[in-house]
file structure16.pdb (PDB, C-alpha atoms, pLDDT in the B column)
ATOM      1  CA  MET G   1     142.516 -98.117   5.592  1.00 48.00           C
ATOM      2  CA  ALA G   2     143.072 -94.502   4.636  1.00 54.00           C
ATOM      3  CA  GLU G   3     142.933 -91.829   7.279  1.00 63.00           C
ATOM      4  CA  ALA G   4     140.015 -89.448   6.825  1.00 76.00           C
ATOM      5  CA  GLY G   5     140.885 -86.172   5.147  1.00 87.00           C
ATOM      6  CA  LEU G   6     141.631 -83.080   7.178  1.00 95.00           C
ATOM      7  CA  PRO G   7     140.046 -79.632   6.861  1.00 96.00           C
ATOM      8  CA  LEU G   8     142.321 -76.846   5.662  1.00 98.00           C
ATOM      9  CA  SER G   9     142.354 -73.327   7.085  1.00 98.00           C
ATOM     10  CA  VAL G  10     144.799 -70.713   5.753  1.00 98.00           C
ATOM     11  CA  ARG G  11     145.047 -67.260   7.308  1.00 98.00           C
ATOM     12  CA  ASP G  12     147.347 -64.357   6.384  1.00 98.00           C
ATOM     13  CA  LEU G  13     149.726 -66.599   4.446  1.00 98.00           C
ATOM     14  CA  THR G  14     152.645 -64.823   2.804  1.00 97.00           C
ATOM     15  CA  VAL G  15     155.709 -66.250   1.109  1.00 97.00           C
ATOM     16  CA  THR G  16     158.662 -63.915   0.771  1.00 96.00           C
ATOM     17  CA  GLY G  17     161.371 -64.366  -1.835  1.00 89.00           C
ATOM     18  CA  ASP G  18     164.657 -62.648  -2.573  1.00 86.00           C
ATOM     19  CA  ARG G  19     165.166 -59.147  -1.146  1.00 83.00           C
ATOM     20  CA  GLY G  20     161.990 -59.378   0.874  1.00 86.00           C
ATOM     21  CA  ARG G  21     159.659 -59.420  -2.134  1.00 91.00           C
ATOM     22  CA  VAL G  22     156.275 -61.012  -1.370  1.00 94.00           C
ATOM     23  CA  ILE G  23     155.681 -63.670  -4.016  1.00 95.00           C
ATOM     24  CA  LEU G  24     152.456 -65.088  -2.575  1.00 97.00           C
ATOM     25  CA  SER G  25     149.735 -63.572  -0.417  1.00 96.00           C
ATOM     26  CA  VAL G  26     146.620 -65.496   0.641  1.00 97.00           C
ATOM     27  CA  PRO G  27     144.535 -63.712   3.307  1.00 96.00           C
ATOM     28  CA  ALA G  28     142.126 -66.629   3.805  1.00 97.00           C
ATOM     29  CA  LEU G  29     141.426 -70.022   2.264  1.00 97.00           C
ATOM     30  CA  ASP G  30     139.296 -72.856   3.614  1.00 97.00           C
ATOM     31  CA  LEU G  31     138.614 -76.381   2.411  1.00 97.00           C
ATOM     32  CA  PRO G  32     136.360 -78.855   4.242  1.00 96.00           C
ATOM     33  CA  ALA G  33     137.761 -82.286   5.082  1.00 95.00           C
ATOM     34  CA  GLY G  34     137.667 -84.789   2.256  1.00 93.00           C
ATOM     35  CA  ARG G  35     137.052 -82.238  -0.512  1.00 94.00           C
ATOM     36  CA  ALA G  36     139.020 -81.461  -3.678  1.00 95.00           C
ATOM     37  CA  LEU G  37     140.439 -78.003  -4.459  1.00 96.00           C
ATOM     38  CA  GLY G  38     141.804 -77.001  -7.857  1.00 97.00           C
ATOM     39  CA  VAL G  39     144.329 -74.179  -8.249  1.00 97.00           C
ATOM     40  CA  ARG G  40     144.768 -72.540 -11.656  1.00 97.00           C
ATOM     41  CA  GLY G  41     146.451 -69.449 -13.048  1.00 95.00           C
ATOM     42  CA  PRO G  42     149.195 -68.284 -15.421  1.00 94.00           C
ATOM     43  CA  SER G  43     152.652 -69.822 -15.310  1.00 91.00           C
ATOM     44  CA  GLY G  44     154.752 -68.177 -12.614  1.00 91.00           C
ATOM     45  CA  ALA G  45     151.703 -66.837 -10.761  1.00 94.00           C
ATOM     46  CA  GLY G  46     152.500 -68.641  -7.513  1.00 95.00           C
ATOM     47  CA  LYS G  47     150.421 -71.820  -7.793  1.00 96.00           C
ATOM     48  CA  SER G  48     153.229 -74.238  -6.969  1.00 95.00           C
ATOM     49  CA  THR G  49     154.422 -71.888  -4.219  1.00 96.00           C
ATOM     50  CA  LEU G  50     150.983 -72.195  -2.620  1.00 97.00           C
ATOM     51  CA  LEU G  51     151.101 -75.984  -2.880  1.00 97.00           C
ATOM     52  CA  PHE G  52     154.528 -76.108  -1.238  1.00 96.00           C
ATOM     53  CA  ALA G  53     153.369 -73.712   1.492  1.00 97.00           C
ATOM     54  CA  LEU G  54     150.445 -76.034   2.236  1.00 98.00           C
ATOM     55  CA  ALA G  55     152.992 -78.813   2.734  1.00 97.00           C
ATOM     56  CA  GLY G  56     155.225 -76.681   4.940  1.00 96.00           C
ATOM     57  CA  LEU G  57     157.962 -76.746   2.307  1.00 95.00           C
ATOM     58  CA  ALA G  58     158.016 -73.110   1.146  1.00 95.00           C
ATOM     59  CA  ALA G  59     160.981 -71.106   2.391  1.00 91.00           C
ATOM     60  CA  GLY G  60     159.973 -67.670   3.611  1.00 93.00           C
ATOM     61  CA  ALA G  61     156.401 -68.679   4.496  1.00 97.00           C
ATOM     62  CA  ALA G  62     154.635 -66.879   7.348  1.00 97.00           C
ATOM     63  CA  GLY G  63     151.098 -66.781   8.662  1.00 98.00           C
ATOM     64  CA  SER G  64     148.958 -69.816   9.435  1.00 98.00           C
ATOM     65  CA  VAL G  65     148.403 -73.058   7.530  1.00 98.00           C
ATOM     66  CA  ARG G  66     146.247 -75.358   9.627  1.00 98.00           C
ATOM     67  CA  TRP G  67     145.354 -78.914   8.684  1.00 98.00           C
ATOM     68  CA  GLY G  68     142.785 -80.117  11.192  1.00 96.00           C
ATOM     69  CA  ASP G  69     144.084 -79.151  14.616  1.00 95.00           C
ATOM     70  CA  GLN G  70     147.714 -78.900  13.481  1.00 97.00           C
ATOM     71  CA  GLU G  71     149.191 -75.516  12.542  1.00 98.00           C
ATOM     72  CA  ILE G  72     152.220 -76.513  10.476  1.00 97.00           C
ATOM     73  CA  LEU G  73     154.128 -73.285   9.825  1.00 97.00           C
ATOM     74  CA  GLY G  74     154.850 -72.876  13.530  1.00 94.00           C
ATOM     75  CA  LEU G  75     156.440 -76.309  13.762  1.00 96.00           C
ATOM     76  CA  ARG G  76     160.177 -76.909  13.756  1.00 95.00           C
ATOM     77  CA  PRO G  77     161.446 -78.394  10.454  1.00 94.00           C
ATOM     78  CA  GLU G  78     161.763 -81.868  11.987  1.00 94.00           C
ATOM     79  CA  ALA G  79     158.162 -81.794  13.213  1.00 96.00           C
ATOM     80  CA  ARG G  80     156.937 -80.544   9.837  1.00 95.00           C
ATOM     81  CA  ALA G  81     158.767 -83.439   8.173  1.00 93.00           C
ATOM     82  CA  ARG G  82     157.074 -85.890  10.539  1.00 91.00           C
ATOM     83  CA  PHE G  83     153.684 -84.355   9.745  1.00 95.00           C
ATOM     84  CA  ARG G  84     154.284 -84.745   5.999  1.00 94.00           C
ATOM     85  CA  ALA G  85     155.465 -88.313   6.411  1.00 90.00           C
ATOM     86  CA  ALA G  86     152.389 -89.238   8.441  1.00 90.00           C
ATOM     87  CA  ARG G  87     149.657 -87.219   6.712  1.00 94.00           C
ATOM     88  CA  VAL G  88     150.706 -85.966   3.251  1.00 96.00           C
ATOM     89  CA  GLY G  89     151.170 -87.618  -0.137  1.00 94.00           C
ATOM     90  CA  MET G  90     152.813 -85.379  -2.761  1.00 93.00           C
ATOM     91  CA  ILE G  91     152.744 -85.752  -6.528  1.00 93.00           C
ATOM     92  CA  PHE G  92     155.476 -83.631  -8.110  1.00 88.00           C
ATOM     93  CA  GLN G  93     155.319 -82.267 -11.641  1.00 82.00           C
ATOM     94  CA  ASP G  94     158.792 -83.655 -12.408  1.00 79.00           C
ATOM     95  CA  TYR G  95     158.017 -87.005 -10.729  1.00 80.00           C
ATOM     96  CA  LEU G  96     161.250 -87.002  -8.622  1.00 84.00           C
ATOM     97  CA  LEU G  97     161.677 -90.762  -8.997  1.00 89.00           C
ATOM     98  CA  PHE G  98     164.855 -92.703  -8.236  1.00 87.00           C
ATOM     99  CA  ASP G  99     166.062 -94.245 -11.497  1.00 87.00           C
ATOM    100  CA  GLU G 100     168.367 -96.648  -9.657  1.00 88.00           C
ATOM    101  CA  MET G 101     165.376 -98.260  -7.907  1.00 90.00           C
ATOM    102  CA  ASP G 102     162.598-100.417  -9.310  1.00 91.00           C
ATOM    103  CA  ALA G 103     158.955 -99.346  -9.340  1.00 92.00           C
ATOM    104  CA  ALA G 104     158.072-101.097  -6.085  1.00 93.00           C
ATOM    105  CA  GLY G 105     161.014 -99.438  -4.348  1.00 92.00           C
ATOM    106  CA  ASN G 106     159.976 -96.014  -5.621  1.00 92.00           C
ATOM    107  CA  ALA G 107     156.339 -96.476  -4.670  1.00 92.00           C
ATOM    108  CA  GLY G 108     157.287 -97.669  -1.195  1.00 91.00           C
ATOM    109  CA  VAL G 109     160.179 -95.261  -0.609  1.00 91.00           C
ATOM    110  CA  LYS G 110     158.525 -93.798   2.519  1.00 88.00           C
ATOM    111  CA  ALA G 111     159.157 -97.137   4.216  1.00 89.00           C
ATOM    112  CA  LEU G 112     162.885 -96.349   4.262  1.00 88.00           C
ATOM    113  CA  PHE G 113     162.236 -93.479   6.672  1.00 84.00           C
ATOM    114  CA  ALA G 114     159.219 -94.810   8.581  1.00 85.00           C
ATOM    115  CA  PRO G 115     159.223 -96.512  11.993  1.00 87.00           C
ATOM    116  CA  ARG G 116     159.757-100.256  11.703  1.00 89.00           C
ATOM    117  CA  SER G 117     156.163-100.917  12.751  1.00 89.00           C
ATOM    118  CA  GLU G 118     154.831 -99.010   9.705  1.00 89.00           C
ATOM    119  CA  ARG G 119     157.134-100.305   6.983  1.00 90.00           C
ATOM    120  CA  ARG G 120     155.217-103.434   6.029  1.00 91.00           C
ATOM    121  CA  SER G 121     151.990-101.452   5.680  1.00 91.00           C
ATOM    122  CA  ILE G 122     153.637 -98.894   3.380  1.00 90.00           C
ATOM    123  CA  LEU G 123     155.233-101.568   1.192  1.00 91.00           C
ATOM    124  CA  SER G 124     151.915-103.421   0.953  1.00 92.00           C
ATOM    125  CA  GLY G 125     150.239-100.136   0.092  1.00 90.00           C
ATOM    126  CA  ALA G 126     152.798 -99.516  -2.653  1.00 91.00           C
ATOM    127  CA  LEU G 127     152.010-102.848  -4.341  1.00 92.00           C
ATOM    128  CA  ARG G 128     148.280-102.246  -3.895  1.00 90.00           C
ATOM    129  CA  GLU G 129     148.480 -98.861  -5.608  1.00 89.00           C
ATOM    130  CA  LEU G 130     150.631-100.156  -8.461  1.00 90.00           C
ATOM    131  CA  ALA G 131     147.945-102.772  -9.096  1.00 90.00           C
ATOM    132  CA  ARG G 132     145.073-100.303  -8.769  1.00 85.00           C
ATOM    133  CA  LEU G 133     146.731 -97.961 -11.262  1.00 85.00           C
ATOM    134  CA  GLY G 134     147.283-100.758 -13.753  1.00 85.00           C
ATOM    135  CA  ILE G 135     151.072-101.000 -13.551  1.00 88.00           C
ATOM    136  CA  ALA G 136     151.521-103.970 -11.203  1.00 90.00           C
ATOM    137  CA  GLU G 137     153.654-105.719 -13.823  1.00 88.00           C
ATOM    138  CA  THR G 138     156.245-102.940 -13.522  1.00 86.00           C
ATOM    139  CA  ALA G 139     156.973-103.596  -9.824  1.00 88.00           C
ATOM    140  CA  GLY G 140     160.375-105.180 -10.491  1.00 89.00           C
ATOM    141  CA  ARG G 141     161.389-102.945 -13.404  1.00 88.00           C
ATOM    142  CA  GLY G 142     163.871-100.117 -13.145  1.00 87.00           C
ATOM    143  CA  VAL G 143     162.106 -96.844 -13.801  1.00 86.00           C
ATOM    144  CA  ALA G 144     164.712 -95.458 -16.199  1.00 85.00           C
ATOM    145  CA  SER G 145     162.859 -97.232 -19.027  1.00 84.00           C
ATOM    146  CA  PHE G 146     159.396 -96.011 -18.019  1.00 87.00           C
ATOM    147  CA  SER G 147     157.201 -93.958 -20.340  1.00 85.00           C
ATOM    148  CA  GLY G 148     155.871 -90.606 -19.166  1.00 83.00           C
ATOM    149  CA  GLY G 149     152.511 -92.159 -18.353  1.00 83.00           C
ATOM    150  CA  GLU G 150     154.100 -94.972 -16.346  1.00 87.00           C
ATOM    151  CA  ARG G 151     156.273 -92.512 -14.425  1.00 88.00           C
ATOM    152  CA  GLN G 152     153.281 -90.344 -13.574  1.00 87.00           C
ATOM    153  CA  ARG G 153     151.214 -93.317 -12.390  1.00 88.00           C
ATOM    154  CA  LEU G 154     154.165 -94.448 -10.313  1.00 91.00           C
ATOM    155  CA  ALA G 155     154.364 -90.975  -8.762  1.00 91.00           C
ATOM    156  CA  VAL G 156     150.679 -91.258  -7.841  1.00 90.00           C
ATOM    157  CA  ALA G 157     151.200 -94.735  -6.393  1.00 91.00           C
ATOM    158  CA  ARG G 158     154.036 -93.422  -4.230  1.00 92.00           C
ATOM    159  CA  ALA G 159     151.872 -90.563  -2.949  1.00 92.00           C
ATOM    160  CA  LEU G 160     149.037 -92.911  -1.985  1.00 91.00           C
ATOM    161  CA  ALA G 161     151.034 -95.889  -0.678  1.00 91.00           C
ATOM    162  CA  SER G 162     151.000 -94.715   2.947  1.00 89.00           C
ATOM    163  CA  ASP G 163     147.234 -93.926   2.922  1.00 90.00           C
ATOM    164  CA  PRO G 164     147.695 -90.180   3.519  1.00 93.00           C
ATOM    165  CA  ALA G 165     144.888 -87.938   4.727  1.00 95.00           C
ATOM    166  CA  ILE G 166     146.057 -85.174   2.354  1.00 96.00           C
ATOM    167  CA  VAL G 167     147.147 -85.384  -1.293  1.00 96.00           C
ATOM    168  CA  LEU G 168     148.928 -82.413  -2.903  1.00 97.00           C
ATOM    169  CA  ALA G 169     149.479 -82.675  -6.660  1.00 95.00           C
ATOM    170  CA  ASP G 170     151.441 -80.323  -8.924  1.00 94.00           C
ATOM    171  CA  GLU G 171     150.320 -80.579 -12.584  1.00 91.00           C
ATOM    172  CA  PRO G 172     149.683 -84.352 -12.376  1.00 90.00           C
ATOM    173  CA  THR G 173     148.497 -84.641 -16.004  1.00 88.00           C
ATOM    174  CA  ALA G 174     150.818 -82.086 -17.611  1.00 83.00           C
ATOM    175  CA  SER G 175     153.057 -84.499 -19.530  1.00 75.00           C
ATOM    176  CA  LEU G 176     150.356 -86.967 -20.576  1.00 82.00           C
ATOM    177  CA  HIS G 177     148.378 -87.269 -23.778  1.00 83.00           C
ATOM    178  CA  ARG G 178     144.626 -86.725 -23.449  1.00 88.00           C
ATOM    179  CA  GLU G 179     143.574 -90.345 -23.028  1.00 87.00           C
ATOM    180  CA  ALA G 180     146.242 -91.045 -20.403  1.00 83.00           C
ATOM    181  CA  ALA G 181     145.448 -87.764 -18.632  1.00 87.00           C
ATOM    182  CA  ASP G 182     141.762 -88.671 -18.450  1.00 90.00           C
ATOM    183  CA  ARG G 183     142.556 -92.129 -17.074  1.00 86.00           C
ATOM    184  CA  LEU G 184     144.840 -90.685 -14.423  1.00 85.00           C
ATOM    185  CA  THR G 185     142.249 -88.045 -13.526  1.00 89.00           C
ATOM    186  CA  GLU G 186     139.611 -90.741 -13.034  1.00 89.00           C
ATOM    187  CA  ASP G 187     141.963 -92.864 -10.927  1.00 85.00           C
ATOM    188  CA  LEU G 188     142.987 -89.926  -8.740  1.00 86.00           C
ATOM    189  CA  ILE G 189     139.482 -88.558  -8.215  1.00 88.00           C
ATOM    190  CA  SER G 190     137.950 -91.969  -7.535  1.00 86.00           C
ATOM    191  CA  ASP G 191     140.635 -92.706  -4.946  1.00 83.00           C
ATOM    192  CA  VAL G 192     140.203 -89.388  -3.172  1.00 83.00           C
ATOM    193  CA  ALA G 193     136.412 -89.596  -3.183  1.00 81.00           C
ATOM    194  CA  GLY G 194     136.396 -93.254  -2.183  1.00 85.00           C
ATOM    195  CA  GLN G 195     138.863 -92.833   0.676  1.00 87.00           C
ATOM    196  CA  GLY G 196     137.729 -89.397   1.874  1.00 91.00           C
ATOM    197  CA  ARG G 197     141.134 -87.781   1.399  1.00 93.00           C
ATOM    198  CA  SER G 198     141.606 -84.012   1.129  1.00 96.00           C
ATOM    199  CA  LEU G 199     143.030 -83.076  -2.275  1.00 96.00           C
ATOM    200  CA  VAL G 200     144.678 -79.917  -3.615  1.00 97.00           C
ATOM    201  CA  VAL G 201     145.664 -79.951  -7.298  1.00 97.00           C
ATOM    202  CA  VAL G 202     147.594 -77.307  -9.246  1.00 97.00           C
ATOM    203  CA  SER G 203     146.722 -77.701 -12.900  1.00 95.00           C
ATOM    204  CA  HIS G 204     146.095 -76.092 -16.288  1.00 94.00           C
ATOM    205  CA  ASP G 205     143.987 -79.125 -17.294  1.00 94.00           C
ATOM    206  CA  ALA G 206     140.367 -77.951 -17.635  1.00 95.00           C
ATOM    207  CA  ARG G 207     138.999 -81.512 -17.553  1.00 94.00           C
ATOM    208  CA  LEU G 208     140.801 -82.242 -14.301  1.00 95.00           C
ATOM    209  CA  LEU G 209     139.713 -78.945 -12.763  1.00 96.00           C
ATOM    210  CA  ASP G 210     136.099 -79.685 -13.718  1.00 95.00           C
ATOM    211  CA  ARG G 211     136.219 -82.630 -11.297  1.00 94.00           C
ATOM    212  CA  MET G 212     137.169 -80.485  -8.328  1.00 95.00           C
ATOM    213  CA  ASP G 213     134.694 -79.389  -5.635  1.00 94.00           C
ATOM    214  CA  ARG G 214     136.100 -75.864  -5.815  1.00 95.00           C
ATOM    215  CA  VAL G 215     138.564 -74.029  -8.074  1.00 97.00           C
ATOM    216  CA  ILE G 216     140.527 -70.894  -7.172  1.00 97.00           C
ATOM    217  CA  ASP G 217     142.660 -68.642  -9.374  1.00 97.00           C
ATOM    218  CA  ILE G 218     146.116 -67.373  -8.445  1.00 97.00           C
ATOM    219  CA  VAL G 219     147.239 -64.286 -10.386  1.00 95.00           C
ATOM    220  CA  ASP G 220     150.446 -62.364  -9.657  1.00 94.00           C
ATOM    221  CA  GLY G 221     150.884 -64.168  -6.343  1.00 94.00           C
ATOM    222  CA  ALA G 222     147.405 -63.447  -5.000  1.00 95.00           C
ATOM    223  CA  LEU G 223     143.938 -64.963  -4.958  1.00 91.00           C
ATOM    224  CA  ALA G 224     141.994 -63.471  -7.847  1.00 87.00           C
ATOM    225  CA  GLY G 225     139.009 -61.407  -6.735  1.00 66.00           C
ATOM    226  CA  VAL G 226     140.359 -60.880  -3.207  1.00 59.00           C
ATOM    227  CA  PRO G 227     141.218 -57.253  -2.302  1.00 49.00           C
ATOM    228  CA  ALA G 228     144.908 -56.646  -1.550  1.00 46.00           C
TER     229      ALA G 228
END
call {"tool": "encode", "arguments": {"input": "structure16.pdb", "output": "structure tokens"}}
result
Amino acid sequence: MAEAGLPLSVRDLTVTGDRGRVILSVPALDLPAGRALGVRGPSGAGKSTLLFALAGLAAGAAGSVRWGDQEILGLRPEARARFRAARVGMIFQDYLLFDEMDAAGNAGVKALFAPRSERRSILSGALRELARLGIAETAGRGVASFSGGERQRLAVARALASDPAIVLADEPTASLHREAADRLTEDLISDVAGQGRSLVVVSHDARLLDRMDRVIDIVDGALAGVPA
């Protein structure tokens, strides 16, 4: 059973890059638990930087990113990693799959790093998500031969296998043709709505963004319409 989504509260978030240049500034951002937020904007505007900051993965991040009662930027790296493992499912634009492993191994990869008591649940969740996404027959196949659509569905299955409270997705439909993108959108939205997860999606896909509860724009590293 999926853990209920967590509310998001961002305050005075900045991400600093080379030579002290601020590449992202978000004074305030809130998302109720179990809701879906879309993030759009030009390429290079800072959308993926925001997504990584929300996961505690952005180097040079300062300020406050609070999921529920947990402020993650103040945690040590090891504690942030534990938070992600327990609460966050990430869907990367470039998939980041392991070609030497089969689909079931990729979808259940979190089990390799989880406490022994949680491994069976994650592996069962991986097979469940492969079936739900229509690629159960690929469980024993090496992913090197997968199509773009299969790889993206596998990336979604991996993100959802551990029943995370939070799903963070970076351009999940970018490499898919329209029909496949629409199918994946429906699968992702129905899962999030059905399980009450909190979802943040970076995307240029207008059809996907139309399914979000709220959409924000990032332009030149800042929330559009928010005074500097």
call {"tool": "residues_around", "arguments": {"input": "structure16.pdb", "residues": "Gly5 (chain G)", "least_positions_apart": "2", "cutoff": "6 Å", "atoms": "only C-alpha atoms", "output": "JSON, numbers by chain"}}
result
{"G": [33, 34, 165, 166, 196, 197, 198]}
call {"tool": "residues_around", "arguments": {"input": "structure16.pdb", "residues": "region 126-129 of chain G", "least_positions_apart": "2", "cutoff": "12 Å", "atoms": "all atoms listed in the file", "output": "short mmCIF file (atom, residue, chain, number, x, y, z; two decimals) with C-alpha atoms, in the coordinates of the input"}}
result
data_model
loop_
_atom_site.label_atom_id
_atom_site.label_comp_id
_atom_site.auth_asym_id
_atom_site.auth_seq_id
_atom_site.Cartn_x
_atom_site.Cartn_y
_atom_site.Cartn_z
CA MET G 1 142.52 -98.12 5.59
CA ASP G 102 162.60 -100.42 -9.31
CA ALA G 103 158.96 -99.35 -9.34
CA ALA G 104 158.07 -101.10 -6.08
CA GLY G 105 161.01 -99.44 -4.35
CA ASN G 106 159.98 -96.01 -5.62
CA ALA G 107 156.34 -96.48 -4.67
CA GLY G 108 157.29 -97.67 -1.20
CA VAL G 109 160.18 -95.26 -0.61
CA LYS G 110 158.52 -93.80 2.52
CA ALA G 111 159.16 -97.14 4.22
CA ARG G 119 157.13 -100.30 6.98
CA ARG G 120 155.22 -103.43 6.03
CA SER G 121 151.99 -101.45 5.68
CA ILE G 122 153.64 -98.89 3.38
CA LEU G 123 155.23 -101.57 1.19
CA SER G 124 151.92 -103.42 0.95
CA ALA G 131 147.94 -102.77 -9.10
CA ARG G 132 145.07 -100.30 -8.77
CA LEU G 133 146.73 -97.96 -11.26
CA GLY G 134 147.28 -100.76 -13.75
CA ILE G 135 151.07 -101.00 -13.55
CA ALA G 136 151.52 -103.97 -11.20
CA GLU G 137 153.65 -105.72 -13.82
CA THR G 138 156.24 -102.94 -13.52
CA ALA G 139 156.97 -103.60 -9.82
CA GLY G 140 160.38 -105.18 -10.49
CA ARG G 153 151.21 -93.32 -12.39
CA LEU G 154 154.16 -94.45 -10.31
CA ALA G 155 154.36 -90.98 -8.76
CA VAL G 156 150.68 -91.26 -7.84
CA ALA G 157 151.20 -94.74 -6.39
CA ARG G 158 154.04 -93.42 -4.23
CA ALA G 159 151.87 -90.56 -2.95
CA LEU G 160 149.04 -92.91 -1.98
CA ALA G 161 151.03 -95.89 -0.68
CA SER G 162 151.00 -94.72 2.95
CA ASP G 163 147.23 -93.93 2.92
CA ASP G 187 141.96 -92.86 -10.93
CA LEU G 188 142.99 -89.93 -8.74
CA ASP G 191 140.64 -92.71 -4.95
#
call {"tool": "closest_atom_pairs", "arguments": {"input": "structure16.pdb", "of": "region 147-215 of chain G", "to": "region 25-32 of chain G", "cutoff": "10 Å", "atoms": "all atoms listed in the file", "output": "CSV"}}
result
residue,atom,partner,partner_atom,distance
G:Ser198,CA,G:Pro32,CA,8.0
G:Leu199,CA,G:Leu31,CA,9.3
G:Val200,CA,G:Leu31,CA,9.3
G:Asp213,CA,G:Leu31,CA,9.4
G:Arg214,CA,G:Leu31,CA,8.6
call {"tool": "write_last_selection", "arguments": {"input": "structure16.pdb", "atoms": "C-alpha atoms", "output": "PDB file, in the coordinates of the input"}}
result
ATOM      1  CA  SER G 198     141.606 -84.012   1.129  1.00 96.00           C
ATOM      2  CA  LEU G 199     143.030 -83.076  -2.275  1.00 96.00           C
ATOM      3  CA  VAL G 200     144.678 -79.917  -3.615  1.00 97.00           C
ATOM      4  CA  ASP G 213     134.694 -79.389  -5.635  1.00 94.00           C
ATOM      5  CA  ARG G 214     136.100 -75.864  -5.815  1.00 95.00           C
TER       6      ARG G 214
END
call {"tool": "closest_residue", "arguments": {"input": "structure16.pdb", "among": "G:Ser9, G:Leu96, G:Arg35, G:Met101", "to": "Ile72 (chain G)", "atoms": "all atoms listed in the file"}}
result
G:Ser9
call {"tool": "atom_distance", "arguments": {"input": "structure16.pdb", "atom1": "CA of Gly142 (chain G)", "atom2": "CA of Glu100 (chain G)"}}
result
6.7 Å
call {"tool": "closest_residue", "arguments": {"input": "structure16.pdb", "among": "G:Ala45, G:Val219, G:Ala55, G:Leu13", "to": "Ile91 (chain G)", "atoms": "only C-alpha atoms"}}
result
G:Ala55
call {"tool": "decode", "arguments": {"input": "structure16.pdb", "residues": "region 36-48 of chain G", "atoms": "N, CA, C and O atoms", "output": "PDB file, in the first residue's frame"}}
result
ATOM      1  N   ALA G  36      -0.645  17.258  -7.869  1.00  0.00           N
ATOM      2  CA  ALA G  36       0.305  17.173  -8.977  1.00  0.00           C
ATOM      3  C   ALA G  36       0.687  18.570  -9.441  1.00  0.00           C
ATOM      4  O   ALA G  36      -0.179  19.399  -9.736  1.00  0.00           O
ATOM      5  N   LEU G  37       1.993  18.832  -9.514  1.00  0.00           N
ATOM      6  CA  LEU G  37       2.535  20.122  -9.928  1.00  0.00           C
ATOM      7  C   LEU G  37       3.316  19.949 -11.221  1.00  0.00           C
ATOM      8  O   LEU G  37       4.207  19.098 -11.305  1.00  0.00           O
ATOM      9  N   GLY G  38       3.006  20.766 -12.230  1.00  0.00           N
ATOM     10  CA  GLY G  38       3.766  20.784 -13.459  1.00  0.00           C
ATOM     11  C   GLY G  38       4.717  21.964 -13.478  1.00  0.00           C
ATOM     12  O   GLY G  38       4.377  23.049 -12.995  1.00  0.00           O
ATOM     13  N   VAL G  39       5.910  21.755 -14.033  1.00  0.00           N
ATOM     14  CA  VAL G  39       6.918  22.809 -14.135  1.00  0.00           C
ATOM     15  C   VAL G  39       7.304  22.937 -15.603  1.00  0.00           C
ATOM     16  O   VAL G  39       7.763  21.972 -16.214  1.00  0.00           O
ATOM     17  N   ARG G  40       7.102  24.125 -16.186  1.00  0.00           N
ATOM     18  CA  ARG G  40       7.440  24.338 -17.581  1.00  0.00           C
ATOM     19  C   ARG G  40       8.322  25.573 -17.718  1.00  0.00           C
ATOM     20  O   ARG G  40       8.463  26.361 -16.788  1.00  0.00           O
ATOM     21  N   GLY G  41       8.893  25.729 -18.895  1.00  0.00           N
ATOM     22  CA  GLY G  41       9.758  26.875 -19.165  1.00  0.00           C
ATOM     23  C   GLY G  41      10.741  26.543 -20.257  1.00  0.00           C
ATOM     24  O   GLY G  41      10.854  25.387 -20.691  1.00  0.00           O
ATOM     25  N   PRO G  42      11.494  27.528 -20.749  1.00  0.00           N
ATOM     26  CA  PRO G  42      12.457  27.291 -21.821  1.00  0.00           C
ATOM     27  C   PRO G  42      13.561  26.327 -21.383  1.00  0.00           C
ATOM     28  O   PRO G  42      13.829  26.155 -20.184  1.00  0.00           O
ATOM     29  N   SER G  43      14.193  25.711 -22.355  1.00  0.00           N
ATOM     30  CA  SER G  43      15.348  24.858 -22.063  1.00  0.00           C
ATOM     31  C   SER G  43      16.434  25.682 -21.377  1.00  0.00           C
ATOM     32  O   SER G  43      16.693  26.827 -21.773  1.00  0.00           O
ATOM     33  N   GLY G  44      17.030  25.114 -20.335  1.00  0.00           N
ATOM     34  CA  GLY G  44      18.087  25.802 -19.614  1.00  0.00           C
ATOM     35  C   GLY G  44      17.596  26.819 -18.612  1.00  0.00           C
ATOM     36  O   GLY G  44      18.411  27.544 -18.015  1.00  0.00           O
ATOM     37  N   ALA G  45      16.281  26.872 -18.367  1.00  0.00           N
ATOM     38  CA  ALA G  45      15.733  27.890 -17.462  1.00  0.00           C
ATOM     39  C   ALA G  45      15.917  27.545 -15.989  1.00  0.00           C
ATOM     40  O   ALA G  45      15.803  28.422 -15.136  1.00  0.00           O
ATOM     41  N   GLY G  46      16.171  26.272 -15.689  1.00  0.00           N
ATOM     42  CA  GLY G  46      16.332  25.865 -14.302  1.00  0.00           C
ATOM     43  C   GLY G  46      15.294  24.874 -13.819  1.00  0.00           C
ATOM     44  O   GLY G  46      15.224  24.577 -12.626  1.00  0.00           O
ATOM     45  N   LYS G  47      14.505  24.312 -14.724  1.00  0.00           N
ATOM     46  CA  LYS G  47      13.438  23.388 -14.339  1.00  0.00           C
ATOM     47  C   LYS G  47      13.998  22.118 -13.695  1.00  0.00           C
ATOM     48  O   LYS G  47      13.543  21.703 -12.616  1.00  0.00           O
ATOM     49  N   SER G  48      14.961  21.500 -14.361  1.00  0.00           N
ATOM     50  CA  SER G  48      15.539  20.273 -13.796  1.00  0.00           C
ATOM     51  C   SER G  48      16.312  20.568 -12.517  1.00  0.00           C
ATOM     52  O   SER G  48      16.341  19.743 -11.596  1.00  0.00           O
TER      53      SER G  48
END
